[in-house]
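Undergrad: My structure is in coords-v4.txt, and what it holds is compact mmCIF, C-alpha atoms and all ligand atoms:
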# COMPACT_ATOMS: atom_id res chain seq x y z
CA MET L 1 -25.94 -3.85 -4.78
CA ILE L 2 -26.26 -1.92 -1.51
CA LYS L 3 -29.64 -2.81 -0.07
CA VAL L 4 -31.56 -1.33 2.85
CA ASP L 5 -33.85 -3.71 4.70
CA ARG L 6 -36.89 -1.53 5.36
CA GLU L 7 -38.09 -3.80 8.16
CA LYS L 8 -34.85 -3.49 10.08
CA CYS L 9 -34.36 0.22 9.26
CA ILE L 10 -35.55 2.57 12.04
CA GLY L 11 -35.43 5.65 9.81
CA CYS L 12 -32.63 7.39 11.74
CA LYS L 13 -31.16 8.64 8.40
CA ALA L 14 -27.58 8.36 9.67
CA CYS L 15 -26.72 6.60 6.39
CA LEU L 16 -27.99 9.53 4.32
CA ALA L 17 -25.56 11.88 6.07
CA VAL L 18 -22.43 9.84 5.35
CA CYS L 19 -23.01 8.68 1.77
CA PRO L 20 -20.37 10.58 -0.29
CA PHE L 21 -22.51 10.74 -3.45
CA THR L 22 -26.07 10.82 -2.09
CA VAL L 23 -26.63 7.33 -3.45
CA LEU L 24 -29.23 6.80 -0.74
CA GLU L 25 -32.30 9.00 -0.85
CA GLU L 26 -35.23 9.24 1.51
CA VAL L 27 -38.43 7.56 0.36
CA ASP L 28 -41.37 7.49 2.81
CA GLY L 29 -39.08 8.34 5.73
CA LYS L 30 -36.50 5.63 4.99
CA PRO L 31 -33.40 5.43 2.81
CA GLN L 32 -33.54 3.78 -0.56
CA ARG L 33 -30.97 3.31 -3.31
CA ALA L 34 -31.33 6.20 -5.79
CA LYS L 35 -31.41 5.30 -9.46
CA ARG L 36 -28.58 6.37 -11.77
CA LYS L 37 -26.15 7.18 -8.95
CA VAL L 38 -22.83 5.39 -8.72
CA CYS L 39 -22.16 3.74 -5.37
CA LEU L 40 -18.47 3.74 -4.30
CA LYS L 41 -19.05 0.65 -2.14
CA CYS L 42 -17.37 2.47 0.74
CA MET L 43 -19.93 0.91 3.12
CA HIS L 44 -20.10 4.06 5.22
CA CYS L 45 -23.87 3.63 5.24
CA GLY L 46 -23.53 0.23 6.86
CA ALA L 47 -20.88 1.48 9.27
CA VAL L 48 -23.27 4.04 10.83
CA CYS L 49 -26.41 1.88 10.73
CA PRO L 50 -27.45 0.99 14.31
CA THR L 51 -29.62 -1.96 13.27
CA GLY L 52 -27.59 -3.78 10.60
CA ALA L 53 -30.20 -2.95 7.99
CA ILE L 54 -27.70 -2.49 5.16
CA THR L 55 -26.26 -5.34 3.15
CA TYR L 56 -23.95 -5.52 0.15
CA ARG L 57 -24.70 -8.35 -2.26
CA LYS L 58 -26.76 -9.99 0.49
CA ASN L 59 -23.74 -9.97 2.85
CA PRO L 60 -23.20 -7.70 5.86
CA ALA L 61 -21.78 -4.32 4.80
CA VAL L 62 -19.47 -4.17 7.83
CA LEU L 63 -17.03 -6.32 9.78
CA GLU L 64 -18.35 -8.29 12.70
CA GLY L 65 -17.65 -7.16 16.27
CA GLY L 66 -18.16 -3.41 16.13
CA LEU L 67 -15.29 -0.97 16.59
CA PRO L 68 -12.02 -2.12 18.19
CA VAL L 69 -11.09 -0.35 21.44
CA LEU L 70 -7.73 1.42 21.23
CA GLY L 71 -5.48 1.77 24.29
CA ASP L 72 -5.39 5.07 26.21
CA ASP L 73 -1.86 5.75 24.92
CA PHE L 74 -2.64 4.86 21.35
CA ASP L 75 -1.88 8.37 20.05
CA LYS L 76 1.57 8.33 21.68
CA ASP L 77 2.25 4.79 20.45
CA LEU L 78 1.25 5.70 16.91
CA LYS L 79 3.36 8.86 16.98
CA ASN L 80 6.37 6.88 18.25
CA HIS L 81 5.83 4.19 15.64
CA ILE L 82 5.82 6.82 12.89
CA LEU L 83 9.02 8.33 14.31
CA MET L 84 10.70 4.93 14.62
CA ARG L 85 9.86 3.67 11.13
CA ARG L 86 13.12 3.50 9.18
CA SER L 87 14.27 2.37 5.78
CA TYR L 88 16.14 -0.92 6.20
CA ARG L 89 18.48 -2.21 3.53
CA HIS L 90 20.32 -5.02 5.33
CA PHE L 91 18.43 -8.20 6.09
CA ARG L 92 18.82 -11.65 7.61
CA GLU L 93 18.63 -14.73 5.36
CA GLU L 94 15.25 -15.72 6.79
CA GLN L 95 12.25 -15.02 4.56
CA VAL L 96 9.35 -12.99 5.88
CA PRO L 97 6.39 -15.41 6.19
CA ARG L 98 3.85 -14.95 3.41
CA SER L 99 1.10 -14.74 6.02
CA ILE L 100 2.57 -11.49 7.42
CA ILE L 101 2.97 -9.94 3.97
CA GLU L 102 -0.57 -10.98 3.04
CA GLU L 103 -1.96 -9.55 6.26
CA ALA L 104 -0.22 -6.21 5.62
CA LEU L 105 -1.39 -6.02 2.01
CA GLY L 106 -4.87 -7.03 3.10
CA LEU L 107 -4.90 -4.11 5.54
CA ALA L 108 -3.88 -1.77 2.73
CA ALA L 109 -7.40 -2.26 1.39
CA TRP L 110 -8.55 -0.02 4.26
CA ALA L 111 -6.32 2.85 3.13
CA PRO L 112 -8.07 5.69 1.32
CA SER L 113 -8.22 5.34 -2.46
CA ALA L 114 -9.66 7.62 -5.16
CA LYS L 115 -13.34 6.70 -5.55
CA ASN L 116 -12.52 3.60 -3.48
CA GLN L 117 -11.02 1.97 -6.57
CA HIS L 118 -8.02 0.33 -4.84
CA PRO L 119 -6.33 -0.37 -8.16
CA THR L 120 -3.04 -1.66 -6.74
CA LYS L 121 -2.00 -5.30 -7.19
CA TRP L 122 1.11 -7.02 -5.90
CA ILE L 123 3.94 -9.26 -7.04
CA ILE L 124 6.19 -10.76 -4.35
CA ILE L 125 9.58 -11.98 -5.50
CA GLU L 126 11.04 -14.61 -3.18
CA SER L 127 13.29 -16.42 -5.63
CA GLN L 128 16.92 -15.44 -5.05
CA ASP L 129 17.69 -16.49 -8.60
CA THR L 130 15.10 -14.04 -9.97
CA ILE L 131 16.34 -11.28 -7.63
CA ASN L 132 19.91 -11.82 -8.87
CA LYS L 133 18.79 -11.82 -12.50
CA ILE L 134 16.88 -8.56 -12.01
CA MET L 135 20.00 -6.96 -10.52
CA ASP L 136 22.08 -8.24 -13.45
CA CYS L 137 19.62 -6.62 -15.91
CA ILE L 138 19.85 -3.33 -14.02
CA LEU L 139 23.65 -3.33 -13.92
CA ASP L 140 23.72 -4.20 -17.61
CA CYS L 141 21.37 -1.28 -18.38
CA VAL L 142 23.46 1.15 -16.29
CA GLU L 143 26.59 0.06 -18.11
CA LYS L 144 25.04 0.38 -21.57
CA THR L 145 23.12 3.63 -21.08
CA GLY L 146 25.11 5.47 -18.43
CA VAL L 147 21.84 6.19 -16.59
CA SER L 148 22.12 6.35 -12.78
CA PRO L 149 25.84 5.48 -12.74
CA GLU L 150 25.80 5.55 -8.93
CA ILE L 151 24.00 2.19 -9.02
CA ALA L 152 27.08 0.57 -10.56
CA SER L 153 29.70 2.54 -8.62
CA GLU L 154 28.01 1.76 -5.29
CA PHE L 155 27.49 -1.89 -6.27
CA ALA L 156 31.20 -2.18 -7.06
CA ILE L 157 32.03 -1.28 -3.45
CA GLY L 158 29.45 -3.68 -2.01
CA ASN L 159 26.50 -1.30 -1.60
CA ASN L 160 23.37 -2.23 -3.51
CA VAL L 161 21.23 0.93 -3.61
CA VAL L 162 18.56 -0.81 -5.69
CA MET L 163 17.61 -3.66 -3.39
CA GLY L 164 20.08 -3.83 -0.49
CA ASN L 165 20.54 -7.53 0.27
CA ALA L 166 16.77 -8.12 0.34
CA LYS L 167 15.63 -11.73 0.21
CA THR L 168 12.14 -10.57 -0.74
CA LEU L 169 11.07 -7.82 -3.14
CA LEU L 170 7.57 -6.48 -3.45
CA LEU L 171 6.33 -4.82 -6.64
CA ALA L 172 3.10 -2.86 -6.80
CA TYR L 173 1.35 -2.36 -10.12
CA ALA L 174 -1.90 -0.77 -11.18
CA TRP L 175 -4.02 0.13 -14.17
CA ASP L 176 -2.66 3.37 -15.66
CA ARG L 177 -6.14 4.71 -16.33
CA ALA L 178 -7.39 4.26 -12.79
CA ILE L 179 -8.24 7.65 -11.29
CA SER L 180 -5.09 7.96 -9.21
CA PRO L 181 -2.88 4.87 -9.49
CA GLU L 182 0.30 6.50 -8.25
CA THR L 183 -1.23 8.10 -5.18
CA ASP L 184 -3.41 5.10 -4.35
CA THR L 185 -0.40 2.80 -4.56
CA ALA L 186 1.73 5.08 -2.39
CA ILE L 187 -0.94 5.24 0.30
CA ALA L 188 -1.50 1.48 0.19
CA MET L 189 2.23 0.88 0.47
CA ALA L 190 2.68 3.40 3.28
CA THR L 191 -0.16 1.73 5.17
CA ALA L 192 1.29 -1.75 4.64
CA GLU L 193 4.76 -0.52 5.58
CA LEU L 194 3.63 0.80 8.96
CA TYR L 195 2.03 -2.54 9.75
CA LEU L 196 4.99 -4.57 8.49
CA GLN L 197 7.38 -2.56 10.65
CA ALA L 198 5.05 -3.00 13.64
CA LYS L 199 5.50 -6.75 13.05
CA GLY L 200 9.29 -6.38 13.04
CA VAL L 201 9.67 -6.55 9.26
CA GLY L 202 12.13 -4.10 7.73
CA THR L 203 11.12 -2.31 4.54
CA CYS L 204 12.67 0.19 2.19
CA TRP L 205 10.99 1.88 -0.76
CA ALA L 206 12.83 0.89 -3.90
CA GLY L 207 12.48 3.75 -6.39
CA TYR L 208 15.28 2.63 -8.69
CA LEU L 209 13.75 -0.84 -8.86
CA LYS L 210 10.31 0.50 -9.73
CA ARG L 211 11.72 2.63 -12.54
CA MET L 212 13.84 -0.18 -13.96
CA CYS L 213 10.93 -2.64 -13.83
CA ASN L 214 8.89 -0.25 -15.96
CA ASN L 215 11.69 0.48 -18.41
CA LEU L 216 13.45 -2.83 -18.97
CA ALA L 217 11.79 -5.56 -21.03
CA GLU L 218 14.41 -7.99 -19.74
CA ILE L 219 13.09 -7.55 -16.19
CA LYS L 220 9.46 -7.78 -17.31
CA ALA L 221 10.31 -11.10 -18.96
CA LEU L 222 11.31 -12.48 -15.54
CA LEU L 223 7.99 -11.51 -13.95
CA PRO L 224 4.35 -12.47 -14.39
CA GLU L 225 3.03 -10.54 -17.39
CA LEU L 226 1.24 -7.35 -16.42
CA PRO L 227 -2.22 -6.80 -17.90
CA GLU L 228 -2.40 -4.25 -20.73
CA ASP L 229 -2.07 -0.60 -19.67
CA ASN L 230 -0.69 -1.50 -16.25
CA SER L 231 2.58 -0.17 -14.85
CA PHE L 232 4.65 -0.54 -11.73
CA TYR L 233 3.91 2.26 -9.26
CA GLY L 234 5.96 1.16 -6.28
CA ALA L 235 8.44 -1.36 -4.90
CA PHE L 236 9.80 -2.44 -1.53
CA MET L 237 12.83 -4.28 -0.27
CA LEU L 238 11.63 -6.54 2.54
CA GLY L 239 13.16 -8.66 5.28
CA TYR L 240 14.09 -8.99 8.90
CA PRO L 241 16.67 -6.25 9.59
CA GLU L 242 20.22 -7.20 10.46
CA GLY L 243 23.04 -4.89 11.49
CA GLU L 244 20.92 -1.74 11.50
CA ASP L 245 20.14 -1.16 15.16
CA TYR L 246 19.01 2.43 15.41
CA LEU L 247 19.60 3.92 18.86
CA HIS L 248 18.10 7.32 18.12
CA ILE L 249 15.49 8.92 15.91
CA PRO L 250 17.24 10.82 13.11
CA GLN L 251 16.76 14.56 12.93
CA ARG L 252 14.67 15.72 9.95
CA VAL L 253 16.25 18.56 8.00
CA ASN L 254 13.06 19.43 6.14
CA LYS L 255 10.39 20.20 8.69
CA ALA L 256 6.74 20.66 7.84
CA ASP L 257 6.30 23.89 5.87
CA ILE L 258 2.79 25.12 6.62
CA GLN L 259 0.97 28.28 5.68
CA TYR L 260 -2.39 29.35 7.02
CA VAL L 261 -4.64 31.62 5.07
C1 LIG N 301 9.51 6.92 -3.35
C2 LIG N 301 10.76 6.49 -2.62
C3 LIG N 301 11.77 5.86 -3.31
C4 LIG N 301 12.91 5.42 -2.62
N1 LIG N 301 13.86 4.72 -3.31
C5 LIG N 301 14.94 4.23 -2.65
C6 LIG N 301 15.90 3.42 -3.36
O1 LIG N 301 15.77 3.15 -4.55
N2 LIG N 301 16.96 2.96 -2.66
C7 LIG N 301 17.12 3.23 -1.32
O2 LIG N 301 18.11 2.76 -0.75
N3 LIG N 301 16.23 3.97 -0.63
C8 LIG N 301 15.12 4.47 -1.25
N4 LIG N 301 14.20 5.21 -0.57
C9 LIG N 301 14.35 5.41 0.89
C10 LIG N 301 14.76 6.84 1.27
O3 LIG N 301 16.11 7.02 0.95
C11 LIG N 301 14.50 7.02 2.78
O4 LIG N 301 13.11 6.96 3.02
C12 LIG N 301 15.04 8.35 3.31
O5 LIG N 301 16.45 8.40 3.19
C13 LIG N 301 14.69 8.59 4.78
O6 LIG N 301 15.07 7.52 5.61
P1 LIG N 301 14.01 6.78 6.55
O7 LIG N 301 12.96 6.17 5.64
O8 LIG N 301 14.75 5.73 7.31
O9 LIG N 301 13.41 7.79 7.47
C14 LIG N 301 13.05 5.67 -1.22
C15 LIG N 301 12.01 6.30 -0.55
C16 LIG N 301 10.87 6.69 -1.22
C17 LIG N 301 9.74 7.32 -0.46
For the file at hand, write its structure as structure tokens.
TA:
Amino acid sequence: MIKVDREKCIGCKACLAVCPFTVLEEVDGKPQRAKRKVCLKCMHCGAVCPTGAITYRKNPAVLEGGLPVLGDDFDKDLKNHILMRRSYRHFREEQVPRSIIEEALGLAAWAPSAKNQHPTKWIIIESQDTINKIMDCILDCVEKTGVSPEIASEFAIGNNVVMGNAKTLLLAYAWDRAISPETDTAIAMATAELYLQAKGVGTCWAGYLKRMCNNLAEIKALLPELPEDNSFYGAFMLGYPEGEDYLHIPQRVNKADIQYV
């Protein structure tokens, strides 16, 4: 499906150097798709080609416009953005526009993913009725099973540790037999989260929600049916933050623990 146009190719061999699985081999001084090798469709070959000689399914292998130019202070801005990302659990009534969520999840496709599989898919819950019903199922489960009793005790005093007062919930699911569904989903979500927060959208990872969605048939019945052998691998609370105006960056108790050998 990756094709090298031998007319356009100048034989620089840059593509050969970056192909992760030597899918391109040299034939008569120019690269050619090797037989019986699996292409990851990472498009690295196209991204280093100086003449646009590489196509994927007859389409360009790369985005138009070349590389974006980052500002001189980009490293400092990125560092500060990482430091300033917080988990938000209190939100305004206003829904986050779908276009912003879709842009963030679209960008997650550029996150790394095992063998470039990108197995994660998304369900966005905007219906307040569905959100309330999910919470009812969770409280019912806590009461019946005694699991995670802090969910109920906190809820009773007005603190919802499962979903805050989110007006939007995001669920991420993936095929269990993908190479690395949990890690791929976490990286995709972390990537989307950084962009969402750059757009002023508050997010908080919702671990309880993810677990309950996997374990409770009553919640699954409220959601689109997952394909066979798929599970939830992540969840977010989403919204525009309200009443959480951080004035400082919190200290981290656990600092990076690094050993060199
Ligand atoms: C995998 C994961 C699951 C989490 N689950 C919850 C959750 O269920 N409820 C919640 O209020 N916060 C949850 N959090 C948010 C953490 O509590 C939060 O990231 C941590 O306290 C540090 O705060 P910060 O994100 O603002 O730096 C979760 C975070 C991660 C990474």
Undergrad: Could you list the protein, DNA and RNA residues that have any atom within 10 Å of ligand LIG 301 (chain N), counting only C-alpha atoms and all ligand atoms, and write them as JSON, numbers by chain?
TA: {"L": [82, 83, 84, 85, 86, 87, 88, 89, 151, 159, 160, 161, 162, 163, 164, 186, 189, 190, 203, 204, 205, 206, 207, 208, 209, 210, 211, 233, 234, 235, 236, 237, 246, 249, 250, 251, 252]}
Undergrad: Set the distance at 10 Å and use all atoms listed in the file: which residues neighbour Glu94 (chain L) once local chain neighbours fewer than 4 positions away are removed? I'd like the list as a PyMOL selection string.
TA: chain L and resi 167-168+239-241
Undergrad: For each of L:Leu196, L:Asp129, L:Val62, L:Pro68, take the minimum atom-to-atom distance to Glu102 (chain L), counting all atoms listed in the file, then give the residue where this is smallest.
TA: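 Nearest to Glu102 (chain L): L:Leu196.
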Undergrad: Give me, as a VMD selection string, all polymer residues having an atom no more than 12 Å from region 105-109 of chain L, counting only C-alpha atoms and skipping those fewer than 3 positions away in the same chain.
TA: chain L and resid 42 98 to 102 112 to 113 116 to 124 170 to 172 184 to 196
Undergrad: So, with all atoms listed in the file as the atoms that count, which of L:Asp77, L:Ile10, L:Ala178, L:Gly146 lies closest to Ala114 (chain L)?
TA: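 For Ala114 (chain L), the nearest of the given residues is L:Ala178.
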Undergrad: Give me, please, the distance in Å between CA of Phe91 (chain L) and CA of Ala198 (chain L), quoted to one decimal.
TA: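 Interatomic distance, CA of Phe91 (chain L) to CA of Ala198 (chain L): 16.2 Å.
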Undergrad: Just give me the gap between CA of Pro50 (chain L) and CA of Asp72 (chain L) in Å, one decimal is fine.
TA: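 Straight-line distance from CA of Pro50 (chain L) to CA of Asp72 (chain L) works out to 25.4 Å.
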Undergrad: Which value, in Å to one decimal, gives the distance between CA of Leu16 (chain L) and CA of Pro31 (chain L)?
TA: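 Those two atoms sit 7.0 Å apart.
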Undergrad: Tell me which of L:Gly202, L:Gly66, L:Gly29, L:Pro227 sits closest to Arg92 (chain L), counting only C-alpha atoms.
TA: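 Comparing L:Gly202, L:Gly66, L:Gly29, L:Pro227 against Arg92 (chain L), the winner is L:Gly202.
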Undergrad: Choose the residue, out of L:Val147, L:Ile131, L:Met1, L:Ala152, that has the smallest atom-to-atom separation from Lys58 (chain L); count only C-alpha atoms.
TA: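 Among L:Val147, L:Ile131, L:Met1, L:Ala152, it is L:Met1 that comes nearest to Lys58 (chain L).
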Undergrad: Of the candidates L:Thr51, L:Asn254, L:Gln128, L:Ser180, which one gets nearest to Glu93 (chain L) if we count all atoms listed in the file?
TA: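 Closest candidate: L:Gln128.
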Undergrad: Could you pull out every residue with an atom within 12 Å of (20.5, -8.9, -14.7), file coordinates, counting only C-alpha atoms, and send them as an MDAnalysis selection string?
TA: chainID L and resid 129:143 212:213 216:222
Undergrad: Any idea what's packed within 10 Å of Lys13 (chain L), counting only C-alpha atoms, ignoring anything in its chain fewer than 2 positions away? Could you give it as a list in words?
TA: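 What passes the distance filter is Cys9, Ile10, Gly11, Cys15, Leu16, Ala17, Val18, Leu24, Glu25, Glu26, Gly29, Lys30, Pro31, Cys45, Val48 and Cys49 of chain L.
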Undergrad: Is there a way to complete region 148-170 of chain L with N, CA, C and O atoms and then write that out as a CSV table (one decimal), keeping the file's coordinate frame?
TA:
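Written file, rebuild-v9.csv:
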chain,number,residue,atom,x,y,z
L,148,SER,N,21.9,6.6,-14.2
L,148,SER,CA,22.1,6.4,-12.8
L,148,SER,C,23.4,5.6,-12.5
L,148,SER,O,23.4,4.5,-12.0
L,149,PRO,N,24.6,6.2,-12.9
L,149,PRO,CA,25.8,5.5,-12.7
L,149,PRO,C,26.2,5.1,-11.3
L,149,PRO,O,26.9,4.2,-11.0
L,150,GLU,N,25.5,5.9,-10.3
L,150,GLU,CA,25.8,5.6,-8.9
L,150,GLU,C,25.4,4.1,-8.5
L,150,GLU,O,25.9,3.6,-7.6
L,151,ILE,N,24.4,3.6,-9.3
L,151,ILE,CA,24.0,2.2,-9.0
L,151,ILE,C,25.2,1.3,-9.2
L,151,ILE,O,25.5,0.4,-8.3
L,152,ALA,N,25.9,1.4,-10.3
L,152,ALA,CA,27.1,0.6,-10.6
L,152,ALA,C,28.3,0.9,-9.7
L,152,ALA,O,28.9,0.0,-9.1
L,153,SER,N,28.5,2.2,-9.4
L,153,SER,CA,29.7,2.5,-8.6
L,153,SER,C,29.5,2.1,-7.2
L,153,SER,O,30.4,1.6,-6.5
L,154,GLU,N,28.3,2.2,-6.7
L,154,GLU,CA,28.0,1.8,-5.3
L,154,GLU,C,28.1,0.2,-5.2
L,154,GLU,O,28.6,-0.3,-4.3
L,155,PHE,N,27.5,-0.4,-6.3
L,155,PHE,CA,27.5,-1.9,-6.3
L,155,PHE,C,28.9,-2.4,-6.2
L,155,PHE,O,29.2,-3.4,-5.6
L,156,ALA,N,29.8,-1.7,-7.0
L,156,ALA,CA,31.2,-2.2,-7.1
L,156,ALA,C,31.9,-2.1,-5.7
L,156,ALA,O,32.9,-2.9,-5.5
L,157,ILE,N,31.4,-1.3,-4.8
L,157,ILE,CA,32.0,-1.3,-3.4
L,157,ILE,C,31.1,-2.0,-2.4
L,157,ILE,O,31.2,-1.7,-1.2
L,158,GLY,N,30.2,-2.8,-2.9
L,158,GLY,CA,29.4,-3.7,-2.0
L,158,GLY,C,28.2,-3.1,-1.5
L,158,GLY,O,27.6,-3.6,-0.5
L,159,ASN,N,27.7,-2.0,-2.1
L,159,ASN,CA,26.5,-1.3,-1.6
L,159,ASN,C,25.4,-1.3,-2.7
L,159,ASN,O,25.6,-0.6,-3.7
L,160,ASN,N,24.4,-2.1,-2.5
L,160,ASN,CA,23.4,-2.2,-3.5
L,160,ASN,C,22.2,-1.3,-3.2
L,160,ASN,O,21.4,-1.5,-2.3
L,161,VAL,N,22.2,-0.1,-3.9
L,161,VAL,CA,21.2,0.9,-3.6
L,161,VAL,C,19.9,0.6,-4.2
L,161,VAL,O,18.9,1.3,-3.9
L,162,VAL,N,19.8,-0.4,-5.1
L,162,VAL,CA,18.6,-0.8,-5.7
L,162,VAL,C,17.7,-1.7,-4.8
L,162,VAL,O,16.5,-1.5,-4.6
L,163,MET,N,18.4,-2.7,-4.2
L,163,MET,CA,17.6,-3.7,-3.4
L,163,MET,C,18.3,-4.1,-2.1
L,163,MET,O,17.9,-5.1,-1.5
L,164,GLY,N,19.4,-3.4,-1.7
L,164,GLY,CA,20.1,-3.8,-0.5
L,164,GLY,C,20.5,-5.3,-0.7
L,164,GLY,O,20.8,-5.7,-1.7
L,165,ASN,N,20.3,-6.1,0.4
L,165,ASN,CA,20.5,-7.5,0.3
L,165,ASN,C,19.2,-8.2,0.5
L,165,ASN,O,19.2,-9.3,1.2
L,166,ALA,N,18.1,-7.6,0.1
L,166,ALA,CA,16.8,-8.1,0.3
L,166,ALA,C,16.6,-9.5,-0.2
L,166,ALA,O,17.0,-9.9,-1.3
L,167,LYS,N,16.0,-10.4,0.6
L,167,LYS,CA,15.6,-11.7,0.2
L,167,LYS,C,14.2,-11.8,-0.4
L,167,LYS,O,13.8,-12.7,-1.0
L,168,THR,N,13.5,-10.7,-0.2
L,168,THR,CA,12.1,-10.6,-0.7
L,168,THR,C,12.0,-9.2,-1.3
L,168,THR,O,12.4,-8.2,-0.7
L,169,LEU,N,11.4,-9.1,-2.5
L,169,LEU,CA,11.1,-7.8,-3.1
L,169,LEU,C,9.6,-7.8,-3.4
L,169,LEU,O,9.0,-8.8,-3.7
L,170,LEU,N,9.0,-6.6,-3.2
L,170,LEU,CA,7.6,-6.5,-3.4
L,170,LEU,C,7.4,-5.4,-4.6
L,170,LEU,O,8.0,-4.4,-4.5
